[in-house]
>>> print(open('input.cif').read())   # mmCIF, C-alpha atoms and all ligand atoms
data_target
#
loop_
_atom_site.label_atom_id
_atom_site.label_comp_id
_atom_site.auth_asym_id
_atom_site.auth_seq_id
_atom_site.Cartn_x
_atom_site.Cartn_y
_atom_site.Cartn_z
CA MET A 1 -71.21 -69.25 96.19
CA HIS A 2 -67.64 -68.32 96.79
CA ILE A 3 -65.71 -66.43 94.12
CA GLN A 4 -62.20 -67.74 93.98
CA LYS A 5 -59.61 -64.98 93.88
CA GLU A 6 -57.36 -64.77 90.84
CA SER A 7 -53.74 -65.70 91.44
CA GLY A 8 -50.68 -65.13 89.30
CA MET A 9 -50.30 -62.24 86.94
CA LYS A 10 -53.27 -59.95 87.15
CA LYS A 11 -55.53 -59.73 84.14
CA CYS A 12 -56.91 -56.32 83.23
CA VAL A 13 -60.58 -55.71 82.47
CA LEU A 14 -61.84 -52.50 80.90
CA VAL A 15 -65.32 -51.53 82.08
CA SER A 16 -66.86 -49.09 79.61
CA GLY A 17 -69.67 -47.19 81.26
CA GLY A 18 -68.16 -48.29 84.53
CA ALA A 19 -69.33 -45.27 86.52
CA GLY A 20 -73.01 -46.21 86.14
CA PHE A 21 -75.31 -48.44 88.15
CA ILE A 22 -74.38 -51.85 86.78
CA GLY A 23 -70.81 -50.93 85.79
CA SER A 24 -69.88 -49.73 89.28
CA HIS A 25 -71.14 -52.92 90.92
CA VAL A 26 -69.34 -55.04 88.34
CA SER A 27 -66.11 -53.08 88.95
CA VAL A 28 -66.33 -53.86 92.69
CA GLU A 29 -66.77 -57.58 92.09
CA LEU A 30 -63.94 -57.72 89.55
CA ILE A 31 -61.54 -55.92 91.87
CA GLU A 32 -62.52 -58.15 94.78
CA ALA A 33 -61.93 -61.21 92.59
CA GLY A 34 -58.37 -60.03 91.92
CA TYR A 35 -58.61 -58.32 88.53
CA ASP A 36 -57.10 -55.02 87.54
CA VAL A 37 -59.91 -52.76 86.40
CA ILE A 38 -59.94 -49.65 84.24
CA VAL A 39 -63.15 -47.64 84.42
CA ALA A 40 -64.03 -45.49 81.41
CA ASP A 41 -67.15 -43.36 81.18
CA ASN A 42 -68.22 -40.09 79.58
CA LEU A 43 -70.36 -39.27 82.66
CA SER A 44 -73.27 -38.35 80.42
CA ASN A 45 -75.75 -40.11 82.67
CA CYS A 46 -73.99 -40.20 86.03
CA ASP A 47 -71.35 -38.44 88.07
CA LEU A 48 -68.11 -39.59 89.66
CA SER A 49 -69.76 -40.73 92.89
CA GLY A 50 -70.04 -44.28 91.55
CA VAL A 51 -66.28 -44.45 90.99
CA GLU A 52 -65.64 -42.92 94.43
CA GLY A 53 -67.92 -45.56 95.93
CA VAL A 54 -66.04 -48.35 94.19
CA LYS A 55 -62.77 -47.00 95.59
CA LYS A 56 -64.18 -46.87 99.12
CA ILE A 57 -65.67 -50.35 99.03
CA THR A 58 -62.56 -52.00 97.59
CA GLY A 59 -59.92 -49.78 99.22
CA LYS A 60 -58.46 -49.29 95.75
CA GLU A 61 -57.81 -45.58 95.89
CA ASP A 62 -55.74 -45.65 92.70
CA LEU A 63 -58.49 -47.19 90.55
CA PRO A 64 -57.82 -45.86 87.04
CA PHE A 65 -60.66 -43.75 85.66
CA VAL A 66 -60.68 -42.39 82.10
CA LYS A 67 -63.28 -39.80 81.14
CA MET A 68 -63.96 -40.52 77.51
CA ASP A 69 -66.66 -41.15 74.95
CA PHE A 70 -66.48 -44.43 73.05
CA CYS A 71 -68.14 -42.74 70.07
CA ASP A 72 -64.75 -41.11 69.62
CA ALA A 73 -63.02 -43.86 67.64
CA GLU A 74 -59.56 -42.34 68.07
CA ALA A 75 -59.97 -42.07 71.85
CA ALA A 76 -61.09 -45.70 72.00
CA MET A 77 -58.07 -46.76 69.93
CA ARG A 78 -55.75 -44.75 72.18
CA LEU A 79 -57.15 -46.31 75.34
CA PHE A 80 -56.55 -49.85 74.09
CA ARG A 81 -53.13 -48.90 72.72
CA GLU A 82 -51.96 -47.37 75.97
CA HIS A 83 -53.14 -50.14 78.31
CA ARG A 84 -52.76 -53.86 78.26
CA ILE A 85 -56.43 -54.86 78.32
CA ASP A 86 -57.30 -58.55 78.43
CA ALA A 87 -61.09 -58.22 78.30
CA VAL A 88 -63.66 -55.47 77.90
CA ILE A 89 -67.15 -55.35 79.34
CA HIS A 90 -69.23 -52.89 77.39
CA PHE A 91 -71.92 -51.01 79.32
CA ALA A 92 -71.56 -47.55 77.82
CA GLY A 93 -74.91 -46.81 76.23
CA PHE A 94 -78.17 -44.97 76.59
CA LYS A 95 -80.91 -46.95 78.29
CA ALA A 96 -84.16 -45.02 78.57
CA VAL A 97 -86.81 -46.93 76.64
CA GLY A 98 -89.24 -43.99 76.37
CA GLU A 99 -86.60 -41.46 75.34
CA SER A 100 -85.36 -43.82 72.63
CA VAL A 101 -88.79 -43.76 70.98
CA GLY A 102 -88.65 -39.97 70.66
CA GLU A 103 -84.96 -39.78 69.75
CA PRO A 104 -84.12 -42.95 67.82
CA LEU A 105 -81.11 -41.56 65.97
CA LYS A 106 -79.47 -40.49 69.22
CA TYR A 107 -79.81 -44.08 70.42
CA TYR A 108 -78.70 -45.75 67.21
CA ARG A 109 -75.70 -43.47 66.83
CA ASN A 110 -74.52 -43.70 70.41
CA ASN A 111 -75.20 -47.33 71.22
CA LEU A 112 -74.05 -48.82 67.92
CA GLU A 113 -71.12 -46.53 67.19
CA SER A 114 -69.60 -46.89 70.64
CA PHE A 115 -69.78 -50.68 70.49
CA ILE A 116 -68.30 -50.86 67.00
CA ASN A 117 -65.46 -48.62 68.15
CA VAL A 118 -64.83 -50.82 71.18
CA ILE A 119 -64.64 -53.98 69.07
CA GLU A 120 -62.39 -52.34 66.48
CA ALA A 121 -60.05 -50.88 69.06
CA ALA A 122 -59.91 -54.12 71.03
CA ARG A 123 -59.12 -56.13 67.92
CA ALA A 124 -56.49 -53.75 66.67
CA ASN A 125 -54.67 -53.94 69.98
CA GLY A 126 -54.76 -57.65 70.70
CA CYS A 127 -57.67 -57.73 73.16
CA ARG A 128 -59.68 -60.79 72.20
CA ASN A 129 -62.41 -60.93 74.81
CA ILE A 130 -65.57 -58.88 74.53
CA LEU A 131 -68.55 -59.04 76.84
CA PHE A 132 -71.73 -57.19 75.98
CA SER A 133 -74.44 -56.18 78.42
CA SER A 134 -77.65 -57.20 76.72
CA SER A 135 -81.18 -57.39 78.04
CA ALA A 136 -84.17 -59.68 78.36
CA THR A 137 -85.91 -57.04 76.29
CA VAL A 138 -84.71 -59.00 73.23
CA TYR A 139 -87.31 -61.70 74.04
CA GLY A 140 -90.24 -59.25 73.80
CA GLU A 141 -93.51 -60.87 74.90
CA PRO A 142 -92.44 -64.51 75.16
CA ASP A 143 -94.53 -67.39 73.77
CA SER A 144 -93.63 -69.62 76.70
CA LEU A 145 -92.04 -69.16 80.09
CA PRO A 146 -89.40 -69.26 81.43
CA VAL A 147 -87.30 -68.08 78.51
CA THR A 148 -84.14 -69.93 77.59
CA GLU A 149 -81.34 -68.56 75.45
CA ALA A 150 -82.88 -70.53 72.57
CA SER A 151 -86.24 -68.75 72.92
CA PRO A 152 -86.85 -66.61 69.85
CA ARG A 153 -85.99 -62.95 69.89
CA LYS A 154 -88.99 -60.80 69.07
CA GLU A 155 -89.12 -57.65 67.02
CA ALA A 156 -88.02 -54.84 69.32
CA THR A 157 -90.70 -52.44 70.51
CA SER A 158 -88.30 -49.53 71.01
CA PRO A 159 -85.10 -48.23 69.41
CA TYR A 160 -83.38 -48.93 72.74
CA GLY A 161 -84.42 -52.59 72.56
CA ASN A 162 -83.40 -52.69 68.93
CA THR A 163 -79.90 -51.46 69.79
CA LYS A 164 -79.56 -54.38 72.21
CA GLN A 165 -80.49 -56.83 69.45
CA MET A 166 -78.25 -55.09 66.92
CA CYS A 167 -75.27 -55.02 69.28
CA GLU A 168 -75.73 -58.74 69.94
CA ASP A 169 -75.66 -59.27 66.17
CA ILE A 170 -72.62 -57.03 65.73
CA LEU A 171 -70.77 -59.10 68.31
CA ARG A 172 -71.95 -62.44 66.87
CA ASP A 173 -70.93 -61.48 63.33
CA SER A 174 -67.59 -60.00 64.40
CA VAL A 175 -66.68 -63.13 66.31
CA LYS A 176 -67.65 -65.22 63.31
CA ALA A 177 -65.57 -63.15 60.91
CA TYR A 178 -62.51 -62.46 63.03
CA GLU A 179 -61.03 -65.62 64.41
CA ASP A 180 -59.08 -63.77 67.05
CA LEU A 181 -62.24 -62.61 68.86
CA ARG A 182 -64.50 -64.21 71.47
CA GLY A 183 -67.76 -62.76 72.68
CA ILE A 184 -70.30 -63.22 75.43
CA ALA A 185 -73.68 -61.51 75.64
CA LEU A 186 -75.32 -61.47 79.06
CA ARG A 187 -79.07 -60.93 78.93
CA TYR A 188 -80.09 -59.21 82.14
CA PHE A 189 -83.57 -59.52 83.53
CA ASN A 190 -84.56 -56.79 86.05
CA PRO A 191 -81.52 -55.69 88.06
CA ILE A 192 -82.49 -54.04 91.36
CA GLY A 193 -81.03 -53.18 94.74
CA ALA A 194 -77.71 -51.66 95.71
CA HIS A 195 -74.42 -52.66 97.23
CA PRO A 196 -74.91 -53.71 100.88
CA SER A 197 -72.43 -50.98 101.92
CA ALA A 198 -74.93 -48.37 100.61
CA LEU A 199 -71.95 -46.66 98.95
CA ILE A 200 -73.09 -47.33 95.39
CA GLY A 201 -76.53 -47.78 93.84
CA GLU A 202 -78.87 -46.47 91.21
CA LEU A 203 -78.96 -42.72 90.53
CA PRO A 204 -82.00 -42.06 88.36
CA ARG A 205 -82.15 -38.65 86.72
CA GLY A 206 -85.52 -36.96 87.17
CA VAL A 207 -88.59 -39.08 87.69
CA PRO A 208 -87.58 -42.76 87.77
CA ASN A 209 -88.94 -45.02 85.03
CA ASN A 210 -88.08 -48.21 86.85
CA LEU A 211 -90.10 -49.74 89.62
CA VAL A 212 -87.69 -50.02 92.55
CA PRO A 213 -86.25 -46.48 92.41
CA PHE A 214 -89.83 -45.22 92.23
CA ILE A 215 -90.74 -47.31 95.27
CA THR A 216 -87.80 -46.10 97.36
CA GLN A 217 -88.36 -42.47 96.35
CA THR A 218 -92.03 -42.79 97.31
CA ALA A 219 -91.11 -44.39 100.61
CA ILE A 220 -88.76 -41.55 101.48
CA GLY A 221 -91.30 -38.92 100.47
CA ARG A 222 -89.75 -37.60 97.25
CA ARG A 223 -92.76 -38.95 95.31
CA GLU A 224 -96.30 -38.84 96.56
CA CYS A 225 -97.59 -42.15 95.34
CA LEU A 226 -96.43 -45.17 93.38
CA SER A 227 -98.55 -45.93 90.34
CA ILE A 228 -98.84 -49.65 89.69
CA PHE A 229 -99.35 -49.82 85.97
CA GLY A 230 -102.22 -52.23 85.44
CA ASN A 231 -103.89 -54.84 87.66
CA ASP A 232 -105.86 -56.50 84.90
CA TYR A 233 -103.08 -58.61 83.38
CA PRO A 234 -103.65 -62.36 82.98
CA THR A 235 -101.36 -63.14 85.92
CA PRO A 236 -102.21 -64.59 89.38
CA ASP A 237 -102.75 -61.15 90.98
CA GLY A 238 -103.33 -59.10 87.82
CA THR A 239 -100.01 -57.22 87.94
CA CYS A 240 -97.03 -57.88 85.66
CA GLN A 241 -94.46 -60.51 86.55
CA ARG A 242 -90.71 -59.99 86.31
CA ASP A 243 -87.47 -61.69 87.27
CA PHE A 244 -85.97 -59.20 89.71
CA ILE A 245 -82.30 -59.92 90.24
CA ASP A 246 -80.04 -58.47 92.89
CA ILE A 247 -77.43 -56.14 91.43
CA VAL A 248 -74.59 -57.82 93.35
CA ASP A 249 -75.66 -61.25 92.13
CA LEU A 250 -75.83 -59.87 88.60
CA ALA A 251 -72.42 -58.21 88.95
CA ARG A 252 -70.90 -61.49 90.07
CA ALA A 253 -72.13 -63.22 86.93
CA HIS A 254 -69.69 -60.99 85.03
CA VAL A 255 -66.75 -62.27 87.04
CA PHE A 256 -67.68 -65.84 86.14
CA ALA A 257 -68.16 -64.92 82.47
CA VAL A 258 -64.86 -63.03 82.25
CA ARG A 259 -63.05 -65.90 83.89
CA ARG A 260 -64.56 -68.38 81.44
CA MET A 261 -63.32 -66.23 78.57
CA LEU A 262 -59.86 -65.61 79.95
CA ASP A 263 -59.34 -69.24 80.94
CA GLY A 264 -60.18 -70.31 77.38
CA ARG A 265 -63.13 -72.41 78.57
CA MET A 266 -65.71 -71.15 76.09
CA THR A 267 -67.22 -73.90 73.98
CA GLU A 268 -68.43 -71.52 71.27
CA ALA A 269 -66.72 -68.34 70.15
CA TYR A 270 -69.96 -66.45 70.87
CA GLU A 271 -72.05 -67.40 73.89
CA ILE A 272 -75.26 -66.02 75.33
CA TYR A 273 -76.43 -66.33 78.93
CA ASN A 274 -79.62 -65.38 80.72
CA ILE A 275 -78.80 -63.62 83.96
CA GLY A 276 -81.84 -63.97 86.17
CA THR A 277 -83.08 -65.81 89.24
CA GLY A 278 -85.56 -68.09 87.49
CA THR A 279 -88.29 -66.99 89.93
CA PRO A 280 -91.07 -64.66 88.83
CA LEU A 281 -92.38 -62.02 91.19
CA SER A 282 -95.33 -59.79 90.45
CA VAL A 283 -95.20 -56.04 90.87
CA MET A 284 -97.67 -56.40 93.76
CA GLN A 285 -95.56 -59.11 95.38
CA LEU A 286 -92.50 -56.89 95.09
CA VAL A 287 -94.32 -53.96 96.67
CA ASN A 288 -95.41 -56.20 99.55
CA ALA A 289 -91.90 -57.61 99.95
CA PHE A 290 -90.57 -54.05 100.17
CA GLN A 291 -93.06 -53.20 102.92
CA GLU A 292 -92.18 -56.36 104.84
CA ALA A 293 -88.43 -55.90 104.44
CA THR A 294 -88.40 -52.27 105.53
CA GLY A 295 -91.49 -51.86 107.70
CA VAL A 296 -92.41 -48.82 105.61
CA ALA A 297 -96.04 -48.52 104.46
CA LEU A 298 -96.02 -47.54 100.82
CA ASN A 299 -98.54 -45.21 99.27
CA TYR A 300 -99.65 -46.82 96.00
CA ARG A 301 -102.58 -46.93 93.62
CA PHE A 302 -103.51 -48.88 90.51
CA THR A 303 -103.44 -46.97 87.24
CA PRO A 304 -103.88 -48.04 83.61
CA ARG A 305 -101.29 -50.24 81.92
CA ARG A 306 -98.08 -48.65 80.67
CA PRO A 307 -97.82 -48.97 76.87
CA GLY A 308 -95.11 -51.38 75.79
CA ASP A 309 -94.97 -53.45 78.99
CA VAL A 310 -94.91 -57.21 78.55
CA THR A 311 -97.24 -59.23 80.77
CA ALA A 312 -94.69 -61.59 82.22
CA ILE A 313 -91.09 -62.59 81.70
CA TRP A 314 -88.66 -64.59 83.72
CA ALA A 315 -85.47 -66.47 83.00
CA ASP A 316 -84.44 -70.04 82.79
CA PRO A 317 -80.93 -69.46 84.17
CA ALA A 318 -79.88 -73.14 83.91
CA LYS A 319 -77.26 -72.47 81.23
CA ALA A 320 -75.53 -69.80 83.32
CA ASN A 321 -75.81 -72.00 86.43
CA ARG A 322 -74.24 -74.91 84.61
CA GLU A 323 -71.66 -73.35 82.32
CA LEU A 324 -70.63 -70.25 84.24
CA GLY A 325 -70.97 -71.94 87.64
CA TRP A 326 -72.94 -68.89 88.77
CA LYS A 327 -76.27 -68.66 90.57
CA ALA A 328 -78.36 -65.83 91.97
CA GLU A 329 -78.38 -66.15 95.75
CA ARG A 330 -79.59 -63.04 97.48
CA ASP A 331 -82.97 -63.01 99.19
CA ILE A 332 -85.38 -60.47 97.72
CA ARG A 333 -85.93 -58.90 101.15
CA ASP A 334 -82.20 -58.29 101.58
CA THR A 335 -82.13 -56.82 98.08
CA LEU A 336 -84.99 -54.44 98.84
CA ALA A 337 -83.51 -53.54 102.22
CA ALA A 338 -80.28 -52.62 100.40
CA ALA A 339 -82.21 -50.46 97.92
CA TRP A 340 -83.85 -48.73 100.87
CA ALA A 341 -80.53 -48.20 102.69
CA TRP A 342 -79.16 -46.63 99.50
CA GLU A 343 -82.15 -44.27 99.19
CA LYS A 344 -81.67 -43.22 102.82
CA HIS A 345 -77.97 -42.72 102.17
CA LEU A 346 -78.83 -40.44 99.25
CA ALA A 347 -81.24 -38.49 101.39
CA GLY A 348 -78.59 -38.09 104.07
CA LYS A 349 -80.95 -39.65 106.57
CA ASP A 350 -78.68 -42.47 107.62
N1 LIG A 401 -93.95 -50.41 87.14
C1 LIG A 401 -94.98 -49.84 87.83
N2 LIG A 401 -94.83 -48.57 88.28
C2 LIG A 401 -93.71 -47.83 88.07
C3 LIG A 401 -92.63 -48.44 87.33
C4 LIG A 401 -92.80 -49.71 86.88
O1 LIG A 401 -96.03 -50.47 88.05
O2 LIG A 401 -93.64 -46.69 88.49
C5 LIG A 401 -94.10 -51.79 86.66
C6 LIG A 401 -94.00 -51.90 85.15
O3 LIG A 401 -95.27 -51.71 84.60
C7 LIG A 401 -93.47 -53.31 84.99
C8 LIG A 401 -92.63 -53.55 86.24
O4 LIG A 401 -93.03 -52.56 87.16
O5 LIG A 401 -94.53 -54.20 84.99
C9 LIG A 401 -91.15 -53.39 85.99
O6 LIG A 401 -90.91 -52.15 85.35
P1 LIG A 401 -89.45 -51.53 85.17
O7 LIG A 401 -89.60 -50.26 84.41
O8 LIG A 401 -88.74 -51.48 86.46
O9 LIG A 401 -88.73 -52.64 84.31
P2 LIG A 401 -89.12 -53.19 82.87
O10 LIG A 401 -89.38 -54.64 83.06
O11 LIG A 401 -90.11 -52.42 82.16
O12 LIG A 401 -87.78 -52.82 82.15
C10 LIG A 401 -86.67 -53.57 82.25
C11 LIG A 401 -85.40 -52.74 82.04
C12 LIG A 401 -85.33 -52.22 80.64
C13 LIG A 401 -85.60 -53.32 79.64
C14 LIG A 401 -86.92 -53.95 79.97
C15 LIG A 401 -87.35 -55.02 79.05
O13 LIG A 401 -85.34 -51.66 82.93
O14 LIG A 401 -84.04 -51.71 80.42
O15 LIG A 401 -86.83 -54.51 81.27
O16 LIG A 401 -86.64 -56.20 79.28
F1 LIG A 401 -85.64 -52.86 78.39
#
>>> encode(input="input.cif", output="structure tokens")
Amino acid sequence: MHIQKESGMKKCVLVSGGAGFIGSHVSVELIEAGYDVIVADNLSNCDLSGVEGVKKITGKEDLPFVKMDFCDAEAAMRLFREHRIDAVIHFAGFKAVGESVGEPLKYYRNNLESFINVIEAARANGCRNILFSSSATVYGEPDSLPVTEASPRKEATSPYGNTKQMCEDILRDSVKAYEDLRGIALRYFNPIGAHPSALIGELPRGVPNNLVPFITQTAIGRRECLSIFGNDYPTPDGTCQRDFIDIVDLARAHVFAVRRMLDGRMTEAYEIYNIGTGTPLSVMQLVNAFQEATGVALNYRFTPRRPGDVTAIWADPAKANRELGWKAERDIRDTLAAAWAWEKHLAGKD
């Protein structure tokens, strides 16, 4: 799938939370597709290495970076006032499911307030196009698989998940009320991997919650053993099934979505897309694929289920395939090899 490069006057996309894992990969793809990008981040959950990596990959040494917190309404207003921003992709938010259960107010305040400020500041300064990074978590434990965008949302099992639902609603209602706005929510399944350059990737703080960073850290010897949470699920091999999607594939979906908005091709003022591969993989299958892709034997054991995990979820990505013209393409082995190259890069063992 070739991404056509933008021609003519460059459009400018603000990437809030652009120094993080998904934001940095999205920034690369936007720049490579010919957009001007402004990265804004408060660096509360990452450092500047993501932005440095984006500069190296794209050769864009003068990539604008603004250190700011979108919970500061005045700072958000200033940013939109001082730059001509055509579209904003909002990533800035806390994302640790477990932490959100213990500190719900921190999550509600940060994730809701920052998004409200972004919408208000965009609107006040003539930026009509707002893209929100949502999550498959809104589907909860689905009644049938794969899930389509029309599948019902389930009551959230964590404040984090609830903020995703609430932000979707904030965007939907704002677009309905303010005719000048358009919105897209992308529902990500399980983004994994790293840029093939090994210059950007995931930087988990402390012990990783997510599967692939835990696998790569175990493989490199930072963790002793991977715990596979449950092998008694009603799935073919007893482990949970997920829709693991390559981070570069996922990042590219944003380019297609932004282009659809900016070209005025949206058919509804508020659109939702599943961003997944459409192919389920079990945790055990993923572990095996990692071993095959890297030749590294992984130390793992089965432990009890992790509370809150759904048994299985994967996407029907047909709407995104059809309307965005986007499709996930990367082979899972290449994705896992990239995650491994990134871990080795971090360890300085390249
Ligand atoms: N898993 C393990 N061992 C680990 C980590 C994870 O066996 O050390 C298993 C989990 O039990 C789960 C699967 O690997 O079955 C995937 O777990 P992740 O934590 O990587 O991903 P989740 O599907 O739980 O979470 C993802 C996103 C969240 C989002 C959630 C729900 O990371 O942001 O999907 O959609 F909220």
>>> closest_residue(input="input.cif", among="A:Leu262, A:Val287, A:Ile272, A:Leu79", to="ligand LIG 401 (chain A)", atoms="only C-alpha atoms and all ligand atoms")
A:Val287
>>> residues_around(input="input.cif", residues="Cys46 in chain A", least_positions_apart="3", cutoff="10 Å", atoms="only C-alpha atoms", output="PyMOL selection string")
chain A and resi 17+19-21+41-43+49-50+202-205
>>> write_last_selection(input="input.cif", atoms="C-alpha atoms", output="mmCIF file, in the frame of the given file")
data_model
loop_
_atom_site.group_PDB
_atom_site.id
_atom_site.type_symbol
_atom_site.label_atom_id
_atom_site.label_comp_id
_atom_site.auth_asym_id
_atom_site.auth_seq_id
_atom_site.Cartn_x
_atom_site.Cartn_y
_atom_site.Cartn_z
ATOM 1 C CA GLY A 17 -69.670 -47.190 81.260
ATOM 2 C CA ALA A 19 -69.330 -45.270 86.520
ATOM 3 C CA GLY A 20 -73.010 -46.210 86.140
ATOM 4 C CA PHE A 21 -75.310 -48.440 88.150
ATOM 5 C CA ASP A 41 -67.150 -43.360 81.180
ATOM 6 C CA ASN A 42 -68.220 -40.090 79.580
ATOM 7 C CA LEU A 43 -70.360 -39.270 82.660
ATOM 8 C CA SER A 49 -69.760 -40.730 92.890
ATOM 9 C CA GLY A 50 -70.040 -44.280 91.550
ATOM 10 C CA GLU A 202 -78.870 -46.470 91.210
ATOM 11 C CA LEU A 203 -78.960 -42.720 90.530
ATOM 12 C CA PRO A 204 -82.000 -42.060 88.360
ATOM 13 C CA ARG A 205 -82.150 -38.650 86.720
#
>>> residues_around(input="input.cif", residues="Ile313 in chain A", least_positions_apart="5", cutoff="10 Å", atoms="all atoms listed in the file", output="list in words")
Ala136, Thr137, Tyr139, Gly140, Glu141, Pro142, Asp143, Ser144, Leu145, Pro146, Val147, Phe189, Asn190, Cys240, Gln241, Arg242, Asp243, Gly278, Thr279, Pro280 and Leu281 of chain A
>>> residues_near_ligand(input="input.cif", ligand="ligand LIG 401 (chain A)", cutoff="7 Å", atoms="only C-alpha atoms and all ligand atoms", output="list in words")
Lys95, Ala96, Val97, Ser135, Ala136, Thr137, Val138, Gly161, Phe189, Asn190, Asn209, Asn210, Leu211, Val212, Phe214, Leu226, Ser227, Ile228, Phe229, Gly230, Thr239, Cys240, Gln241, Arg242, Val283, Arg305, Arg306 and Asp309 of chain A
>>> atom_distance(input="input.cif", atom1="CA of Tyr188 in chain A", atom2="CA of Asn321 in chain A")
14.2 Å
>>> decode(input="input.cif", residues="range 13-33 of chain A", atoms="N, CA and C atoms", output="PDB file, in the first residue's frame")
ATOM      1  N   VAL A  13      -0.374  19.417  10.846  1.00  0.00           N
ATOM      2  CA  VAL A  13      -1.063  18.545  11.798  1.00  0.00           C
ATOM      3  C   VAL A  13      -0.381  18.652  13.166  1.00  0.00           C
ATOM      4  N   LEU A  14      -1.166  18.963  14.170  1.00  0.00           N
ATOM      5  CA  LEU A  14      -0.658  18.968  15.546  1.00  0.00           C
ATOM      6  C   LEU A  14      -0.820  17.562  16.123  1.00  0.00           C
ATOM      7  N   VAL A  15       0.265  17.044  16.695  1.00  0.00           N
ATOM      8  CA  VAL A  15       0.203  15.725  17.325  1.00  0.00           C
ATOM      9  C   VAL A  15       0.392  15.930  18.824  1.00  0.00           C
ATOM     10  N   SER A  16      -0.709  15.878  19.563  1.00  0.00           N
ATOM     11  CA  SER A  16      -0.611  16.061  21.020  1.00  0.00           C
ATOM     12  C   SER A  16      -0.218  14.720  21.625  1.00  0.00           C
ATOM     13  N   GLY A  17       0.757  14.734  22.500  1.00  0.00           N
ATOM     14  CA  GLY A  17       1.292  13.464  22.998  1.00  0.00           C
ATOM     15  C   GLY A  17       2.186  12.815  21.951  1.00  0.00           C
ATOM     16  N   GLY A  18       2.763  13.657  21.123  1.00  0.00           N
ATOM     17  CA  GLY A  18       3.523  13.157  19.969  1.00  0.00           C
ATOM     18  C   GLY A  18       4.902  12.613  20.288  1.00  0.00           C
ATOM     19  N   ALA A  19       5.328  12.724  21.551  1.00  0.00           N
ATOM     20  CA  ALA A  19       6.647  12.180  21.897  1.00  0.00           C
ATOM     21  C   ALA A  19       6.542  10.715  22.334  1.00  0.00           C
ATOM     22  N   GLY A  20       5.315  10.226  22.509  1.00  0.00           N
ATOM     23  CA  GLY A  20       5.126   8.863  23.022  1.00  0.00           C
ATOM     24  C   GLY A  20       5.199   7.802  21.933  1.00  0.00           C
ATOM     25  N   PHE A  21       4.866   6.589  22.332  1.00  0.00           N
ATOM     26  CA  PHE A  21       5.013   5.425  21.442  1.00  0.00           C
ATOM     27  C   PHE A  21       4.212   5.590  20.151  1.00  0.00           C
ATOM     28  N   ILE A  22       2.909   5.767  20.273  1.00  0.00           N
ATOM     29  CA  ILE A  22       2.103   5.847  19.045  1.00  0.00           C
ATOM     30  C   ILE A  22       2.332   7.192  18.365  1.00  0.00           C
ATOM     31  N   GLY A  23       2.353   8.272  19.152  1.00  0.00           N
ATOM     32  CA  GLY A  23       2.507   9.614  18.579  1.00  0.00           C
ATOM     33  C   GLY A  23       3.783   9.773  17.766  1.00  0.00           C
ATOM     34  N   SER A  24       4.877   9.185  18.215  1.00  0.00           N
ATOM     35  CA  SER A  24       6.136   9.348  17.477  1.00  0.00           C
ATOM     36  C   SER A  24       6.067   8.614  16.134  1.00  0.00           C
ATOM     37  N   HIS A  25       5.477   7.429  16.132  1.00  0.00           N
ATOM     38  CA  HIS A  25       5.353   6.705  14.860  1.00  0.00           C
ATOM     39  C   HIS A  25       4.395   7.418  13.909  1.00  0.00           C
ATOM     40  N   VAL A  26       3.346   7.991  14.441  1.00  0.00           N
ATOM     41  CA  VAL A  26       2.399   8.732  13.604  1.00  0.00           C
ATOM     42  C   VAL A  26       3.094   9.975  13.018  1.00  0.00           C
ATOM     43  N   SER A  27       3.901  10.647  13.834  1.00  0.00           N
ATOM     44  CA  SER A  27       4.609  11.843  13.351  1.00  0.00           C
ATOM     45  C   SER A  27       5.502  11.484  12.159  1.00  0.00           C
ATOM     46  N   VAL A  28       6.212  10.362  12.257  1.00  0.00           N
ATOM     47  CA  VAL A  28       7.078   9.933  11.144  1.00  0.00           C
ATOM     48  C   VAL A  28       6.261   9.761   9.868  1.00  0.00           C
ATOM     49  N   GLU A  29       5.146   9.047   9.983  1.00  0.00           N
ATOM     50  CA  GLU A  29       4.358   8.755   8.775  1.00  0.00           C
ATOM     51  C   GLU A  29       3.743  10.021   8.188  1.00  0.00           C
ATOM     52  N   LEU A  30       3.333  10.949   9.047  1.00  0.00           N
ATOM     53  CA  LEU A  30       2.770  12.207   8.545  1.00  0.00           C
ATOM     54  C   LEU A  30       3.831  13.011   7.805  1.00  0.00           C
ATOM     55  N   ILE A  31       5.010  13.095   8.401  1.00  0.00           N
ATOM     56  CA  ILE A  31       6.095  13.866   7.766  1.00  0.00           C
ATOM     57  C   ILE A  31       6.455  13.230   6.426  1.00  0.00           C
ATOM     58  N   GLU A  32       6.548  11.903   6.431  1.00  0.00           N
ATOM     59  CA  GLU A  32       6.929  11.221   5.182  1.00  0.00           C
ATOM     60  C   GLU A  32       5.846  11.357   4.117  1.00  0.00           C
ATOM     61  N   ALA A  33       4.605  11.583   4.550  1.00  0.00           N
ATOM     62  CA  ALA A  33       3.513  11.772   3.575  1.00  0.00           C
ATOM     63  C   ALA A  33       3.413  13.236   3.128  1.00  0.00           C
TER      64      ALA A  33
END
